[in-house]
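Taking it in order: structure first as structure tokens, then the write-up.
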Amino acid sequence: MVKILFLIRDLGQGGAEKVLINLVNNLDRTKFDISVTVLFGGGVNERFLRSDINFRVVFPKEIPGNSKLMKILSPQQLHRLCVKERYDIEVAYLEGPSTRVIGGCTNINTKLMAWVHSTIQSRKEVGAAFRSYNECRECYKRFDRVACVSETIFENFGKIFDCKLPLTVIHNTVDSNEIKKKALENIANNIFDANTINIIAVGTLKQVKGYDRLLNIFNNLYKRKYSIHLYILGIGPMITKLEKFVEENELTSCVSFLGYQTNPYKYVARSDLFVCASYSEGFSTAATEALIVGTPICTVEVSGMKEMLGDSEYGLITKNTEEDLYHGIKSLIDNPDRLAYYKKQACLRGKAFSIEETVKKAEEIFLSL
């Protein structure tokens with residue numbers, strides 16, 4: 001039995017957090033004794049962990065200024081604070097503070113693995129949670145394996161470090177069976193109008209997700225008399241700014257903020273188009289889920305999308321600009337046949353995301369360590 005720890009900052013509403021839960025919930029219990037530790041408790045996804053997982057919280061809630069406070073301590077001191085038992089494998093899930101903590105493990109018999117979800121563009125960015133880039137580099141050199149969730153992240157991450165790291169690609173674990181099941185659930189007081197093009201976006205309301213430019217695009221289309229409605233699922237720091245934009249541009253009748261939903265799939269499944277306007281992604285969990293429920297996708301080109309959609313074979317990929325995304329969305333709205341084509345392609349591609357395959361690959365890597 002392999003004793004394995006997954007350390008993550010928190011189990012909030014993000015896609016990576018959901019992916020971790022899918023992974024640990026489906027690992028073989030005859031092979032692995034599983035623990036999950038969060039640095040900060042209270043995350044909305046904590047409730048979905050299986051009861052046989054050893055769950056521990058270091059701090060009951062997020063501490064203001066924690067990123068600076070944590071840098072006062074060395075990785076070794078942080079590890080002693082956050083990890084109280086010995087494990088065969090310790091996994092730093094998500095780059096940043098969890099990587100710095102696990103990098104402080106001093107037990108030579110423990111194998112270390114880091115899981116990278118974001119496209120890292122610079123040394124400054126990769127070292128943000130560390131005292132310096134050099135500390136970050138030395139920390140990653142201690143890991144026995146670094147898993148990247150897409151080929152783009154794999155390539156970018158390798159370029160940032162001027163040393164050889166044991167990199168591999170493991171795509172996100174999504175529970176396709178559960179997603180399809182939940183997609184069939186009814187929506188109380190059905191909000192979707194069959195005579196309107198219903199567009200949906202899912203994700204934390206933060207700058208990197210591009211909601212500001214998505215609302216600009218929607219505003220331009222609506223002012224051109226398109227019969228459309230935008231639904232935004234998620235919570236986050238940009239909510240006040242986005243709501244103000246909607247009010248000032250008189251869009252309250254055609255833009256709906258649905259907040260955080262434990263079952264977003266029933267909304268995505270009933271939408272005519274899923275849009276990703278992000279400036280950056282890792283391997284979009286929300287887009288993967290849209291394919292599984294058969295909803296057409298229009299996305300800007302970010303990490304993972306070509307792996308997921310091919311060269312606009314299974315969904316429309318535009319250049320990562322507001323103007324190109326505008327024309328992409330408009331082309332689908334203007335051409336119902338093209339929209340119907342991408343719905344068929346989404347259904348086809350969605351079949352490729354099997355939870356069994358991604359869990360199997362992760363288990364093989366754990367056992368090889």
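Following the order of the structure tokens, first chain is A, next is B, and so on, with residues numbered from 1 inside each chain and ligands from 1 in the order they appear.
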
Which residues, written as a PyMOL selection string, have at least one atom at most 6 Å from region 115-125 of chain A, with only C-alpha atoms counted and residues fewer than 5 positions away on the same chain left out?
chain A and resi 93-95+146-149+153+282

Would you list, as a count of residues only, the residues of region 148-178 of chain A that end up in strand (DSSP E or B) under DSSP run on this structure's backbone?
4

Expressed in Å, the length from CA of Asn263 (chain A) to CA of Ser98 (chain A) is 27.6 Å

Give the helix (DSSP H, G or I) residues of region 86-161 of chain A, as DSSP finds them on the backbone, and put them as a PyMOL selection string.
chain A and resi 97-102+123-126+133-140+151-160

Prev. selection, N, CA, C and O atoms, output as a compact mmCIF listing (two decimals), in the first residue's frame:
# COMPACT_ATOMS: atom_id res chain seq x y z
N PRO A 97 2.69 28.05 -3.53
CA PRO A 97 3.03 27.73 -2.14
C PRO A 97 3.10 26.24 -1.83
O PRO A 97 3.94 25.80 -1.06
N SER A 98 2.23 25.44 -2.45
CA SER A 98 2.26 24.00 -2.17
C SER A 98 3.58 23.39 -2.65
O SER A 98 4.14 22.48 -2.01
N THR A 99 4.11 23.91 -3.76
CA THR A 99 5.39 23.42 -4.27
C THR A 99 6.52 23.78 -3.32
O THR A 99 7.44 22.97 -3.08
N ARG A 100 6.49 24.98 -2.77
CA ARG A 100 7.54 25.41 -1.85
C ARG A 100 7.50 24.57 -0.57
O ARG A 100 8.54 24.21 -0.02
N VAL A 101 6.29 24.26 -0.10
CA VAL A 101 6.16 23.44 1.11
C VAL A 101 6.69 22.03 0.89
O VAL A 101 7.54 21.54 1.64
N ILE A 102 6.22 21.36 -0.17
CA ILE A 102 6.64 19.98 -0.42
C ILE A 102 8.12 19.93 -0.77
O ILE A 102 8.83 18.97 -0.43
N ARG A 123 10.51 33.87 -15.56
CA ARG A 123 11.12 33.46 -14.30
C ARG A 123 10.48 34.18 -13.12
O ARG A 123 10.31 33.61 -12.04
N LYS A 124 10.10 35.43 -13.34
CA LYS A 124 9.47 36.21 -12.28
C LYS A 124 8.14 35.56 -11.88
O LYS A 124 7.81 35.46 -10.69
N GLU A 125 7.40 35.12 -12.88
CA GLU A 125 6.09 34.51 -12.61
C GLU A 125 6.23 33.19 -11.87
O GLU A 125 5.53 32.93 -10.90
N VAL A 126 7.16 32.34 -12.32
CA VAL A 126 7.30 31.02 -11.69
C VAL A 126 7.83 31.13 -10.28
O VAL A 126 7.57 30.30 -9.41
N TYR A 133 13.88 33.45 -7.84
CA TYR A 133 13.84 32.42 -8.88
C TYR A 133 14.81 31.28 -8.54
O TYR A 133 14.49 30.11 -8.75
N ASN A 134 15.97 31.62 -8.02
CA ASN A 134 16.96 30.60 -7.70
C ASN A 134 16.44 29.62 -6.64
O ASN A 134 16.69 28.41 -6.72
N GLU A 135 15.73 30.16 -5.62
CA GLU A 135 15.14 29.27 -4.63
C GLU A 135 14.12 28.35 -5.28
O GLU A 135 14.06 27.15 -4.98
N CYS A 136 13.33 28.92 -6.19
CA CYS A 136 12.33 28.14 -6.91
C CYS A 136 13.00 27.03 -7.73
O CYS A 136 12.57 25.88 -7.70
N ARG A 137 14.04 27.38 -8.45
CA ARG A 137 14.76 26.42 -9.29
C ARG A 137 15.33 25.28 -8.46
O ARG A 137 15.20 24.10 -8.82
N GLU A 138 15.95 25.62 -7.34
CA GLU A 138 16.53 24.59 -6.48
C GLU A 138 15.44 23.70 -5.87
O GLU A 138 15.65 22.50 -5.67
N CYS A 139 14.28 24.30 -5.60
CA CYS A 139 13.17 23.53 -5.05
C CYS A 139 12.68 22.50 -6.07
O CYS A 139 12.53 21.31 -5.74
N TYR A 140 12.46 22.93 -7.31
CA TYR A 140 11.97 22.00 -8.33
C TYR A 140 12.98 20.90 -8.64
O TYR A 140 12.60 19.79 -9.01
N GLU A 151 0.47 20.00 -23.19
CA GLU A 151 1.74 20.05 -23.92
C GLU A 151 2.33 21.46 -23.90
O GLU A 151 3.55 21.62 -23.82
N THR A 152 1.47 22.48 -23.98
CA THR A 152 1.95 23.86 -23.97
C THR A 152 2.65 24.18 -22.65
O THR A 152 3.72 24.79 -22.63
N ILE A 153 2.05 23.77 -21.55
CA ILE A 153 2.66 23.99 -20.23
C ILE A 153 3.97 23.22 -20.14
O ILE A 153 4.97 23.73 -19.63
N PHE A 154 3.97 21.99 -20.64
CA PHE A 154 5.18 21.16 -20.67
C PHE A 154 6.33 21.90 -21.37
O PHE A 154 7.44 21.98 -20.86
N GLU A 155 6.03 22.47 -22.53
CA GLU A 155 7.06 23.16 -23.32
C GLU A 155 7.53 24.44 -22.63
O GLU A 155 8.72 24.71 -22.52
N ASN A 156 6.57 25.25 -22.17
CA ASN A 156 6.92 26.52 -21.53
C ASN A 156 7.69 26.31 -20.24
O ASN A 156 8.67 27.01 -19.97
N PHE A 157 7.26 25.34 -19.46
CA PHE A 157 7.88 25.09 -18.16
C PHE A 157 9.33 24.65 -18.35
O PHE A 157 10.22 25.08 -17.61
N GLY A 158 9.55 23.80 -19.35
CA GLY A 158 10.90 23.34 -19.62
C GLY A 158 11.84 24.47 -20.02
O GLY A 158 13.04 24.45 -19.69
N LYS A 159 11.30 25.48 -20.72
CA LYS A 159 12.13 26.61 -21.17
C LYS A 159 12.51 27.55 -20.03
O LYS A 159 13.54 28.21 -20.09
N ILE A 160 11.65 27.63 -19.02
CA ILE A 160 11.89 28.57 -17.91
C ILE A 160 13.11 28.16 -17.10
O ILE A 160 13.84 29.01 -16.59

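Among the candidates A:Phe274, A:Phe192, A:Phe245, A:Phe353, the residue lying nearest to Asp175 (chain A) is A:Phe353 (atoms considered: only C-alpha atoms).
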
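In terms of minimum interatomic distance to Leu20 (chain A), A:Asn172 ranks closest within A:Ser312, A:Asn172, A:Gln207, A:Thr106, counting only C-alpha atoms.
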
Selected residue of minimal separation from Ser354 (chain A) among A:Tyr211, A:Val174, A:Glu248, A:Val268, counting only C-alpha atoms:
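Once distances to Ser354 (chain A) are computed over only C-alpha atoms, the minimum belongs to A:Val174.
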
Computed interatomic separation between CA of Arg349 (chain A) and CA of Ala287 (chain A) (Å)
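Those two atoms sit 11.4 Å apart.
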